[in-house]
$ cat target.cif   # mmCIF, C-alpha atoms and all ligand atoms
data_structure
loop_
_atom_site.label_atom_id
_atom_site.label_comp_id
_atom_site.auth_asym_id
_atom_site.auth_seq_id
_atom_site.Cartn_x
_atom_site.Cartn_y
_atom_site.Cartn_z
CA MET H 1 0.00 0.00 0.00
CA THR H 2 1.26 3.43 -0.90
CA GLU H 3 -0.09 6.42 0.96
CA ILE H 4 -0.41 9.47 -1.28
CA LEU H 5 0.54 12.72 0.45
CA ASN H 6 -1.65 15.66 -0.47
CA GLY H 7 -0.21 19.15 -0.04
CA ARG H 8 -3.24 21.17 -1.05
CA VAL H 9 -5.13 21.22 2.24
CA LEU H 10 -1.93 21.97 4.16
CA ALA H 11 -1.15 24.76 1.70
CA ASN H 12 -4.63 26.27 2.07
CA ASN H 13 -4.13 26.46 5.85
CA ILE H 14 -0.84 28.29 5.40
CA ARG H 15 -2.39 30.67 2.85
CA GLU H 16 -5.24 31.51 5.22
CA LYS H 17 -2.73 32.28 7.98
CA ALA H 18 -0.75 34.49 5.57
CA ALA H 19 -3.92 36.38 4.59
CA THR H 20 -4.83 36.98 8.26
CA ARG H 21 -1.34 38.32 8.99
CA ILE H 22 -1.38 40.59 5.94
CA HIS H 23 -4.75 42.10 6.83
CA LYS H 24 -3.27 43.29 10.12
CA LEU H 25 -0.29 45.03 8.47
CA PRO H 26 -0.23 48.80 7.98
CA HIS H 27 0.38 48.40 4.23
CA PRO H 28 0.56 45.47 1.83
CA PRO H 29 3.83 43.62 1.25
CA GLY H 30 5.13 43.91 -2.32
CA LEU H 31 6.61 41.15 -4.45
CA ALA H 32 8.37 41.47 -7.82
CA VAL H 33 8.73 38.38 -10.00
CA ILE H 34 11.21 38.17 -12.86
CA LEU H 35 10.50 35.64 -15.56
CA VAL H 36 13.01 35.07 -18.36
CA GLY H 37 12.24 33.13 -21.53
CA ASP H 38 9.23 31.09 -22.51
CA ASP H 39 9.53 27.81 -20.64
CA PRO H 40 5.87 26.74 -20.20
CA ALA H 41 6.45 25.21 -16.75
CA SER H 42 8.04 28.45 -15.48
CA HIS H 43 5.12 30.49 -16.87
CA LEU H 44 2.72 28.10 -15.16
CA TYR H 45 4.53 28.38 -11.78
CA VAL H 46 4.73 32.15 -11.97
CA GLY H 47 1.01 32.35 -12.78
CA LEU H 48 0.25 30.26 -9.68
CA LYS H 49 2.48 32.45 -7.50
CA GLU H 50 0.86 35.59 -8.91
CA ASN H 51 -2.68 34.40 -8.20
CA ALA H 52 -1.82 33.18 -4.71
CA ALA H 53 -0.09 36.47 -3.85
CA LYS H 54 -3.04 38.57 -5.05
CA GLU H 55 -5.49 36.37 -3.17
CA VAL H 56 -3.80 37.00 0.20
CA GLY H 57 -3.34 40.72 -0.41
CA ILE H 58 0.28 40.91 -1.60
CA TYR H 59 0.97 43.64 -4.16
CA ILE H 60 2.69 41.99 -7.13
CA GLU H 61 4.60 43.17 -10.19
CA LYS H 62 5.73 40.79 -12.91
CA TYR H 63 8.61 41.50 -15.29
CA GLU H 64 9.01 39.32 -18.36
CA PHE H 65 12.22 39.22 -20.40
CA ALA H 66 13.22 37.45 -23.63
CA ALA H 67 15.33 34.30 -23.32
CA ASP H 68 18.42 36.02 -24.76
CA THR H 69 18.36 38.96 -22.29
CA LYS H 70 21.86 39.87 -21.09
CA ASP H 71 22.79 39.50 -17.40
CA ASP H 72 23.36 43.27 -17.12
CA VAL H 73 19.80 44.09 -18.17
CA LEU H 74 18.39 41.78 -15.49
CA ILE H 75 20.80 43.15 -12.91
CA SER H 76 19.73 46.75 -13.59
CA LYS H 77 16.09 45.76 -13.11
CA ILE H 78 17.05 44.04 -9.83
CA ASP H 79 19.02 47.16 -8.70
CA GLU H 80 15.94 49.29 -9.36
CA LEU H 81 13.72 46.87 -7.38
CA ASN H 82 16.28 46.67 -4.54
CA ALA H 83 15.98 50.45 -4.11
CA ARG H 84 12.18 50.52 -3.91
CA HIS H 85 10.47 50.68 -0.53
CA ASP H 86 7.17 49.23 -1.75
CA ILE H 87 8.82 46.04 -3.05
CA HIS H 88 9.86 43.73 -0.20
CA GLY H 89 10.47 40.51 -2.11
CA ILE H 90 12.21 39.77 -5.40
CA LEU H 91 11.99 36.37 -7.03
CA VAL H 92 13.75 35.25 -10.19
CA GLN H 93 12.06 32.18 -11.58
CA LEU H 94 14.53 29.34 -12.23
CA PRO H 95 15.90 27.78 -14.35
CA LEU H 96 17.28 30.70 -16.32
CA PRO H 97 17.75 30.10 -20.05
CA GLY H 98 21.50 30.75 -20.15
CA GLN H 99 22.11 33.68 -17.79
CA SER H 100 24.38 33.29 -14.76
CA VAL H 101 22.21 32.16 -11.84
CA ASP H 102 24.91 33.10 -9.30
CA LYS H 103 25.28 36.63 -10.67
CA ILE H 104 21.56 37.27 -11.00
CA ILE H 105 20.57 35.85 -7.60
CA GLY H 106 23.63 37.53 -6.08
CA ALA H 107 22.37 40.92 -7.29
CA ILE H 108 19.21 40.68 -5.16
CA ASP H 109 19.36 42.45 -1.78
CA PHE H 110 19.51 39.37 0.48
CA LYS H 111 16.77 40.84 2.69
CA LYS H 112 14.48 40.77 -0.36
CA ASP H 113 15.54 37.26 -1.46
CA VAL H 114 12.24 35.49 -0.74
CA ASP H 115 13.51 32.29 -2.40
CA GLY H 116 16.37 32.10 0.11
CA PHE H 117 18.84 31.27 -2.68
CA HIS H 118 21.24 34.21 -2.13
CA VAL H 119 24.69 33.16 -0.84
CA GLU H 120 24.14 35.24 2.30
CA ASN H 121 20.85 33.47 3.10
CA ARG H 122 22.37 30.07 2.37
CA LYS H 123 25.18 30.91 4.79
CA LEU H 124 22.71 32.03 7.47
CA LEU H 125 20.81 28.75 7.05
CA LEU H 126 23.98 26.73 7.60
CA GLU H 127 24.65 28.81 10.73
CA ASN H 128 21.11 28.19 11.99
CA LYS H 129 20.38 31.92 11.77
CA ALA H 130 18.18 31.95 8.71
CA ASN H 131 15.39 34.46 8.20
CA LEU H 132 14.46 33.50 4.67
CA VAL H 133 14.50 29.73 4.18
CA PRO H 134 13.77 28.50 0.63
CA PRO H 135 10.04 27.77 0.32
CA ILE H 136 10.81 24.67 -1.71
CA ALA H 137 12.84 23.22 1.18
CA LEU H 138 10.09 24.05 3.69
CA ALA H 139 7.57 22.40 1.37
CA VAL H 140 9.61 19.20 1.10
CA MET H 141 9.97 19.04 4.89
CA ARG H 142 6.23 19.63 5.40
CA MET H 143 5.40 16.78 3.00
CA LEU H 144 7.84 14.55 4.84
CA GLN H 145 6.24 15.47 8.16
CA ALA H 146 2.83 14.64 6.68
CA SER H 147 4.02 11.05 6.17
CA HIS H 148 4.43 10.75 9.98
CA THR H 149 7.56 8.65 9.45
CA PRO H 150 10.13 9.01 12.22
CA LEU H 151 13.06 10.89 10.66
CA GLN H 152 15.82 10.30 13.20
CA ASN H 153 18.77 8.41 11.66
CA LYS H 154 17.05 7.95 8.31
CA HIS H 155 19.04 8.13 5.08
CA ALA H 156 17.84 10.43 2.29
CA VAL H 157 18.97 11.22 -1.23
CA ILE H 158 18.04 14.32 -3.19
CA ILE H 159 18.26 13.65 -6.91
CA GLY H 160 18.40 16.81 -8.97
CA ASN H 161 20.09 19.05 -11.49
CA SER H 162 21.48 21.68 -9.19
CA THR H 163 22.65 22.09 -5.62
CA ILE H 164 20.85 25.43 -5.27
CA PHE H 165 17.61 23.51 -4.57
CA ALA H 166 19.23 20.51 -2.86
CA GLU H 167 21.54 22.24 -0.36
CA PRO H 168 18.83 23.87 1.80
CA ILE H 169 16.79 20.65 1.79
CA ILE H 170 19.87 18.75 3.00
CA GLU H 171 20.39 21.31 5.76
CA LEU H 172 16.78 21.13 7.03
CA MET H 173 16.94 17.34 6.90
CA LYS H 174 20.14 17.34 8.94
CA GLU H 175 18.41 19.49 11.55
CA ALA H 176 15.65 16.84 11.67
CA GLY H 177 18.19 14.05 12.22
CA VAL H 178 18.23 12.76 8.63
CA GLU H 179 21.52 12.00 6.94
CA ALA H 180 21.02 13.42 3.44
CA GLN H 181 23.08 13.46 0.28
CA PHE H 182 22.79 15.16 -3.12
CA LEU H 183 22.91 12.94 -6.20
CA ALA H 184 23.25 14.50 -9.64
CA ARG H 185 20.94 12.80 -12.13
CA ASN H 186 23.96 11.36 -13.97
CA SER H 187 25.80 10.11 -10.87
CA THR H 188 27.49 6.73 -11.18
CA SER H 189 25.47 3.87 -9.65
CA LEU H 190 22.52 6.25 -9.21
CA ALA H 191 19.96 3.42 -9.01
CA ALA H 192 21.90 1.52 -6.32
CA LYS H 193 22.48 4.66 -4.24
CA SER H 194 18.88 5.73 -4.52
CA ARG H 195 17.66 2.21 -3.68
CA ALA H 196 19.58 2.37 -0.41
CA ALA H 197 17.64 5.45 0.75
CA ASP H 198 14.69 5.56 3.15
CA ILE H 199 13.66 8.93 1.71
CA ILE H 200 14.03 10.05 -1.90
CA VAL H 201 13.46 13.61 -3.04
CA VAL H 202 13.39 13.78 -6.83
CA ALA H 203 13.69 17.07 -8.70
CA VAL H 204 15.08 16.41 -12.16
CA GLY H 205 12.17 17.63 -14.29
CA GLU H 206 11.62 14.49 -16.34
CA ALA H 207 8.38 12.53 -16.33
CA GLY H 208 8.85 9.01 -14.98
CA PHE H 209 12.57 9.49 -14.23
CA LEU H 210 12.40 7.73 -10.86
CA GLN H 211 11.80 4.09 -11.72
CA ARG H 212 10.80 1.20 -9.47
CA ASP H 213 14.32 -0.31 -9.47
CA MET H 214 15.62 2.95 -7.93
CA VAL H 215 13.33 2.79 -4.92
CA LYS H 216 13.43 0.54 -1.85
CA ALA H 217 10.05 -1.02 -1.04
CA GLY H 218 8.26 1.16 1.51
CA ALA H 219 10.48 4.23 0.96
CA VAL H 220 9.13 7.79 1.16
CA VAL H 221 9.17 9.54 -2.23
CA ILE H 222 8.84 13.33 -2.33
CA ASP H 223 8.29 14.35 -5.94
CA VAL H 224 9.30 17.92 -6.80
CA GLY H 225 8.89 17.41 -10.56
CA THR H 226 6.20 19.14 -12.58
CA ASN H 227 6.14 17.92 -16.17
CA LYS H 228 3.57 17.82 -18.92
CA LYS H 229 3.09 14.42 -20.53
CA ASN H 230 0.37 14.00 -23.16
CA GLY H 231 -1.23 17.20 -21.86
CA VAL H 232 -1.34 15.96 -18.28
CA VAL H 233 0.78 17.32 -15.39
CA VAL H 234 2.90 14.51 -13.92
CA GLY H 235 5.87 14.33 -11.57
CA ASP H 236 9.31 12.75 -11.86
CA ALA H 237 8.22 9.52 -10.17
CA ALA H 238 7.02 6.69 -12.44
CA PRO H 239 3.40 5.62 -11.85
CA GLU H 240 4.66 2.06 -11.18
CA LEU H 241 5.89 3.27 -7.80
CA VAL H 242 2.33 3.25 -6.53
CA GLY H 243 2.05 -0.01 -4.59
CA HIS H 244 5.84 -0.17 -4.09
CA ALA H 245 6.80 3.04 -2.27
CA GLY H 246 5.46 3.57 1.25
CA PHE H 247 4.50 7.20 0.66
CA MET H 248 4.43 9.40 -2.41
CA SER H 249 3.68 13.09 -2.64
CA LYS H 250 0.96 13.99 -5.13
CA VAL H 251 1.70 15.72 -8.44
CA PRO H 252 0.01 18.08 -9.01
CA GLY H 253 -1.11 18.97 -5.50
CA GLY H 254 1.91 18.05 -3.40
CA VAL H 255 5.13 20.06 -3.05
CA GLY H 256 3.98 22.71 -5.59
CA PRO H 257 1.11 24.34 -3.63
CA LEU H 258 3.14 24.18 -0.42
CA THR H 259 6.07 25.97 -2.07
CA VAL H 260 3.74 28.75 -3.20
CA ALA H 261 2.20 29.02 0.28
CA TYR H 262 5.58 29.27 2.03
CA LEU H 263 6.68 31.90 -0.50
CA LEU H 264 3.79 34.12 0.67
CA PHE H 265 5.05 33.84 4.23
CA ASN H 266 8.57 34.73 3.14
CA VAL H 267 7.26 37.94 1.54
CA ILE H 268 5.73 38.91 4.90
CA LYS H 269 8.97 37.98 6.69
CA ALA H 270 11.03 39.99 4.20
CA MET H 271 8.88 43.05 4.80
CA GLU H 272 9.26 42.68 8.57
CA LEU H 273 13.01 42.26 8.15
CA GLN H 274 13.30 45.48 6.14
CA GLU H 275 11.00 47.53 8.33
CA ARG H 276 12.47 46.34 11.63
CA LYS H 277 13.56 49.34 13.65
N1 LIG H 301 11.65 26.80 -10.19
C1 LIG H 301 11.18 25.67 -9.63
N2 LIG H 301 11.00 25.84 -8.31
C2 LIG H 301 11.36 27.11 -8.03
C3 LIG H 301 11.39 27.88 -6.82
O1 LIG H 301 11.05 27.44 -5.72
N3 LIG H 301 11.83 29.15 -6.96
C4 LIG H 301 12.23 29.66 -8.16
N4 LIG H 301 12.66 30.91 -8.18
N5 LIG H 301 12.21 28.98 -9.27
C5 LIG H 301 11.78 27.71 -9.21
#

$ encode --input "target.cif" --output "structure tokens" --more "lines below"
Ligand code: GUN
Amino acid sequence: MTEILNGRVLANNIREKAATRIHKLPHPPGLAVILVGDDPASHLYVGLKENAAKEVGIYIEKYEFAADTKDDVLISKIDELNARHDIHGILVQLPLPGQSVDKIIGAIDFKKDVDGFHVENRKLLLENKANLVPPIALAVMRMLQASHTPLQNKHAVIIGNSTIFAEPIIELMKEAGVEAQFLARNSTSLAAKSRAADIIVVAVGEAGFLQRDMVKAGAVVIDVGTNKKNGVVVGDAAPELVGHAGFMSKVPGGVGPLTVAYLLFNVIKAMELQERK
């Protein structure tokens, strides 16, 4: 039996709490979203973030750029947003189609980095002093918690394309007593390493990437993938895992809505951080 973990109800609770907090603030928090290129999944995510932000009373501005936009052009937009007092959060949707992620994310004022990807925020997280923790990492941990599996001394792998997403997840897992390791999608002996894990987080962006032979029977699978296959949104975990894994997060309706919900909270936190006397 595989228990399917649903993130939507949990996300709705968080969104309601965010809305209540925002209604008590003297003015609305502001979020700017930068979207580069025409990747359909990125447009879909940004649309979801935009709607969720508006619904809870966050003021939002969206800036779209062509895929071949130079780093400098994006950095000047970020500089302009850094200087504004009505914009408290800046989010650059990833992946970028060719620009330097480090340079672009590094240009954001770290107090406005609501994704928690800025070097300064990553450092603060490692030092246990984080203010802005990546929403995606909080979402993965919330899904894991929803499985009610004891985490102490468990072994986890995070399979992905980049450490920018994996590193904060590893850190939060460590804090929860889980020994976690990043595996690049092309790692040697990937299947054997992944099969040894009690918890697998998969974020490679390929439908059906995580096959049955990569998963120990009864393992917890947290699926961060959002892919379109034959017009249907599916995750990175193969459907054959149902009946084999112990727990699987839903796609759509798992990590995605929780990530959006935690982002809203980070916008509130960012505003508080900037307006702290
Ligand atoms: N692309 C996929 N997930 C995320 C996320 O959490 N933040 C950003 N900025 N881009 C993403």

$ atom_distance --input "target.cif" --atom1 "CA of Asp71 in chain H" --atom2 "CA of Asp115 in chain H"
19.1 Å

$ residues_near_ligand --input "target.cif" --ligand "ligand LIG 301 (chain H)" --cutoff "10 Å" --atoms "only C-alpha atoms and all ligand atoms" --output "ChimeraX atom specification"
/H:33-35,41-42,45-46,49,90-96,105,113-117,134-137,139,164-165,203,205,224-226,255-256,259-260,262-263

$ atom_distance --input "target.cif" --atom1 "CA of Ala67 in chain H" --atom2 "CA of Gly106 in chain H"
19.4 Å

$ closest_residue --input "target.cif" --among "H:Ala146, H:Leu172, H:Ala217, H:Leu183" --to "Gly160 in chain H" --atoms "all atoms listed in the file"
H:Leu183

$ closest_residue --input "target.cif" --among "H:Ile4, H:Ala53, H:Leu44, H:Ile200" --to "Val233 in chain H" --atoms "all atoms listed in the file"
H:Leu44

$ atom_distance --input "target.cif" --atom1 "CA of Asn6 in chain H" --atom2 "CA of Leu138 in chain H"
15.0 Å

$ residues_around --input "target.cif" --residues "Glu167 in chain H" --least-positions-apart "2" --cutoff "10 Å" --atoms "only C-alpha atoms" --output "PDB file with C-alpha atoms, in the coordinates of the input"
ATOM      1  CA  PHE H 117      18.840  31.270  -2.680  1.00  0.00           C
ATOM      2  CA  ARG H 122      22.370  30.070   2.370  1.00  0.00           C
ATOM      3  CA  LEU H 125      20.810  28.750   7.050  1.00  0.00           C
ATOM      4  CA  LEU H 126      23.980  26.730   7.600  1.00  0.00           C
ATOM      5  CA  ALA H 137      12.840  23.220   1.180  1.00  0.00           C
ATOM      6  CA  ILE H 158      18.040  14.320  -3.190  1.00  0.00           C
ATOM      7  CA  SER H 162      21.480  21.680  -9.190  1.00  0.00           C
ATOM      8  CA  THR H 163      22.650  22.090  -5.620  1.00  0.00           C
ATOM      9  CA  ILE H 164      20.850  25.430  -5.270  1.00  0.00           C
ATOM     10  CA  PHE H 165      17.610  23.510  -4.570  1.00  0.00           C
ATOM     11  CA  ILE H 169      16.790  20.650   1.790  1.00  0.00           C
ATOM     12  CA  ILE H 170      19.870  18.750   3.000  1.00  0.00           C
ATOM     13  CA  GLU H 171      20.390  21.310   5.760  1.00  0.00           C
ATOM     14  CA  LEU H 172      16.780  21.130   7.030  1.00  0.00           C
ATOM     15  CA  MET H 173      16.940  17.340   6.900  1.00  0.00           C
ATOM     16  CA  ALA H 180      21.020  13.420   3.440  1.00  0.00           C
ATOM     17  CA  GLN H 181      23.080  13.460   0.280  1.00  0.00           C
ATOM     18  CA  PHE H 182      22.790  15.160  -3.120  1.00  0.00           C
TER      19      PHE H 182
END

$ axis_aligned_box --input "target.cif" --around "range 81-91 of chain H" --padding-each-side "8 Å" --output "AutoDock Vina command-line options"
--center_x 11.7 --center_y 43.5 --center_z -3.8 --size_x 25.1 --size_y 30.3 --size_z 23.2

$ closest_residue --input "target.cif" --among "H:Leu31, H:Ala83, H:Ile199, H:Leu144" --to "Tyr63 in chain H" --atoms "all atoms listed in the file"
H:Leu31

$ build_atoms --input "target.cif" --residues "range 259-270 of chain H" --atoms "all heavy atoms" --output "PDB file, keeping the file's coordinate frame"
ATOM      1  N   THR H 259       4.989  25.028  -1.758  1.00  0.00           N
ATOM      2  CA  THR H 259       6.070  25.970  -2.070  1.00  0.00           C
ATOM      3  C   THR H 259       5.494  27.370  -2.258  1.00  0.00           C
ATOM      4  O   THR H 259       6.021  28.357  -1.739  1.00  0.00           O
ATOM      5  CB  THR H 259       6.820  25.530  -3.358  1.00  0.00           C
ATOM      6  OG1 THR H 259       7.303  24.208  -3.163  1.00  0.00           O
ATOM      7  CG2 THR H 259       7.987  26.439  -3.684  1.00  0.00           C
ATOM      8  N   VAL H 260       4.390  27.456  -2.975  1.00  0.00           N
ATOM      9  CA  VAL H 260       3.740  28.750  -3.200  1.00  0.00           C
ATOM     10  C   VAL H 260       3.292  29.355  -1.864  1.00  0.00           C
ATOM     11  O   VAL H 260       3.504  30.539  -1.595  1.00  0.00           O
ATOM     12  CB  VAL H 260       2.544  28.602  -4.179  1.00  0.00           C
ATOM     13  CG1 VAL H 260       1.764  29.896  -4.292  1.00  0.00           C
ATOM     14  CG2 VAL H 260       3.025  28.133  -5.555  1.00  0.00           C
ATOM     15  N   ALA H 261       2.707  28.523  -1.010  1.00  0.00           N
ATOM     16  CA  ALA H 261       2.200  29.020   0.280  1.00  0.00           C
ATOM     17  C   ALA H 261       3.342  29.540   1.156  1.00  0.00           C
ATOM     18  O   ALA H 261       3.224  30.614   1.766  1.00  0.00           O
ATOM     19  CB  ALA H 261       1.448  27.892   0.996  1.00  0.00           C
ATOM     20  N   TYR H 262       4.444  28.811   1.213  1.00  0.00           N
ATOM     21  CA  TYR H 262       5.580  29.270   2.030  1.00  0.00           C
ATOM     22  C   TYR H 262       6.222  30.528   1.451  1.00  0.00           C
ATOM     23  O   TYR H 262       6.762  31.354   2.179  1.00  0.00           O
ATOM     24  CB  TYR H 262       6.628  28.166   2.204  1.00  0.00           C
ATOM     25  CG  TYR H 262       6.215  27.120   3.216  1.00  0.00           C
ATOM     26  CD1 TYR H 262       6.080  25.783   2.859  1.00  0.00           C
ATOM     27  CD2 TYR H 262       5.961  27.469   4.535  1.00  0.00           C
ATOM     28  CE1 TYR H 262       5.700  24.817   3.788  1.00  0.00           C
ATOM     29  CE2 TYR H 262       5.578  26.513   5.471  1.00  0.00           C
ATOM     30  CZ  TYR H 262       5.454  25.194   5.088  1.00  0.00           C
ATOM     31  OH  TYR H 262       5.069  24.257   6.018  1.00  0.00           O
ATOM     32  N   LEU H 263       6.152  30.677   0.127  1.00  0.00           N
ATOM     33  CA  LEU H 263       6.680  31.900  -0.500  1.00  0.00           C
ATOM     34  C   LEU H 263       5.922  33.126   0.042  1.00  0.00           C
ATOM     35  O   LEU H 263       6.526  34.155   0.349  1.00  0.00           O
ATOM     36  CB  LEU H 263       6.530  31.808  -2.029  1.00  0.00           C
ATOM     37  CG  LEU H 263       6.765  33.115  -2.769  1.00  0.00           C
ATOM     38  CD1 LEU H 263       8.242  33.503  -2.725  1.00  0.00           C
ATOM     39  CD2 LEU H 263       6.297  33.014  -4.217  1.00  0.00           C
ATOM     40  N   LEU H 264       4.599  33.004   0.175  1.00  0.00           N
ATOM     41  CA  LEU H 264       3.790  34.120   0.670  1.00  0.00           C
ATOM     42  C   LEU H 264       4.272  34.537   2.053  1.00  0.00           C
ATOM     43  O   LEU H 264       4.415  35.719   2.354  1.00  0.00           O
ATOM     44  CB  LEU H 264       2.305  33.737   0.714  1.00  0.00           C
ATOM     45  CG  LEU H 264       1.712  33.199  -0.595  1.00  0.00           C
ATOM     46  CD1 LEU H 264       0.263  32.795  -0.386  1.00  0.00           C
ATOM     47  CD2 LEU H 264       1.839  34.213  -1.712  1.00  0.00           C
ATOM     48  N   PHE H 265       4.563  33.539   2.892  1.00  0.00           N
ATOM     49  CA  PHE H 265       5.050  33.840   4.230  1.00  0.00           C
ATOM     50  C   PHE H 265       6.413  34.515   4.202  1.00  0.00           C
ATOM     51  O   PHE H 265       6.695  35.398   5.008  1.00  0.00           O
ATOM     52  CB  PHE H 265       5.111  32.556   5.081  1.00  0.00           C
ATOM     53  CG  PHE H 265       4.035  32.557   6.109  1.00  0.00           C
ATOM     54  CD1 PHE H 265       2.877  31.842   5.917  1.00  0.00           C
ATOM     55  CD2 PHE H 265       4.148  33.342   7.243  1.00  0.00           C
ATOM     56  CE1 PHE H 265       1.857  31.883   6.834  1.00  0.00           C
ATOM     57  CE2 PHE H 265       3.136  33.401   8.177  1.00  0.00           C
ATOM     58  CZ  PHE H 265       1.986  32.665   7.974  1.00  0.00           C
ATOM     59  N   ASN H 266       7.251  34.100   3.246  1.00  0.00           N
ATOM     60  CA  ASN H 266       8.570  34.730   3.140  1.00  0.00           C
ATOM     61  C   ASN H 266       8.457  36.194   2.716  1.00  0.00           C
ATOM     62  O   ASN H 266       9.279  37.014   3.104  1.00  0.00           O
ATOM     63  CB  ASN H 266       9.461  33.962   2.162  1.00  0.00           C
ATOM     64  CG  ASN H 266      10.250  32.876   2.870  1.00  0.00           C
ATOM     65  OD1 ASN H 266      10.128  32.694   4.075  1.00  0.00           O
ATOM     66  ND2 ASN H 266      11.064  32.157   2.113  1.00  0.00           N
ATOM     67  N   VAL H 267       7.439  36.535   1.933  1.00  0.00           N
ATOM     68  CA  VAL H 267       7.260  37.940   1.540  1.00  0.00           C
ATOM     69  C   VAL H 267       6.917  38.766   2.786  1.00  0.00           C
ATOM     70  O   VAL H 267       7.450  39.860   2.981  1.00  0.00           O
ATOM     71  CB  VAL H 267       6.182  38.091   0.430  1.00  0.00           C
ATOM     72  CG1 VAL H 267       6.029  39.559   0.034  1.00  0.00           C
ATOM     73  CG2 VAL H 267       6.523  37.254  -0.794  1.00  0.00           C
ATOM     74  N   ILE H 268       6.062  38.213   3.648  1.00  0.00           N
ATOM     75  CA  ILE H 268       5.730  38.910   4.900  1.00  0.00           C
ATOM     76  C   ILE H 268       6.985  39.065   5.755  1.00  0.00           C
ATOM     77  O   ILE H 268       7.281  40.134   6.278  1.00  0.00           O
ATOM     78  CB  ILE H 268       4.640  38.141   5.694  1.00  0.00           C
ATOM     79  CG1 ILE H 268       3.395  37.892   4.847  1.00  0.00           C
ATOM     80  CG2 ILE H 268       4.286  38.885   6.991  1.00  0.00           C
ATOM     81  CD1 ILE H 268       2.354  37.002   5.498  1.00  0.00           C
ATOM     82  N   LYS H 269       7.734  37.962   5.886  1.00  0.00           N
ATOM     83  CA  LYS H 269       8.970  37.980   6.690  1.00  0.00           C
ATOM     84  C   LYS H 269       9.956  39.000   6.156  1.00  0.00           C
ATOM     85  O   LYS H 269      10.590  39.725   6.923  1.00  0.00           O
ATOM     86  CB  LYS H 269       9.637  36.608   6.620  1.00  0.00           C
ATOM     87  CG  LYS H 269       9.329  35.706   7.753  1.00  0.00           C
ATOM     88  CD  LYS H 269      10.361  34.591   7.763  1.00  0.00           C
ATOM     89  CE  LYS H 269       9.932  33.492   8.687  1.00  0.00           C
ATOM     90  NZ  LYS H 269      10.649  32.264   8.389  1.00  0.00           N
ATOM     91  N   ALA H 270      10.082  39.061   4.829  1.00  0.00           N
ATOM     92  CA  ALA H 270      11.030  39.990   4.200  1.00  0.00           C
ATOM     93  C   ALA H 270      10.637  41.420   4.532  1.00  0.00           C
ATOM     94  O   ALA H 270      11.481  42.252   4.851  1.00  0.00           O
ATOM     95  CB  ALA H 270      11.069  39.768   2.694  1.00  0.00           C
TER      96      ALA H 270
END
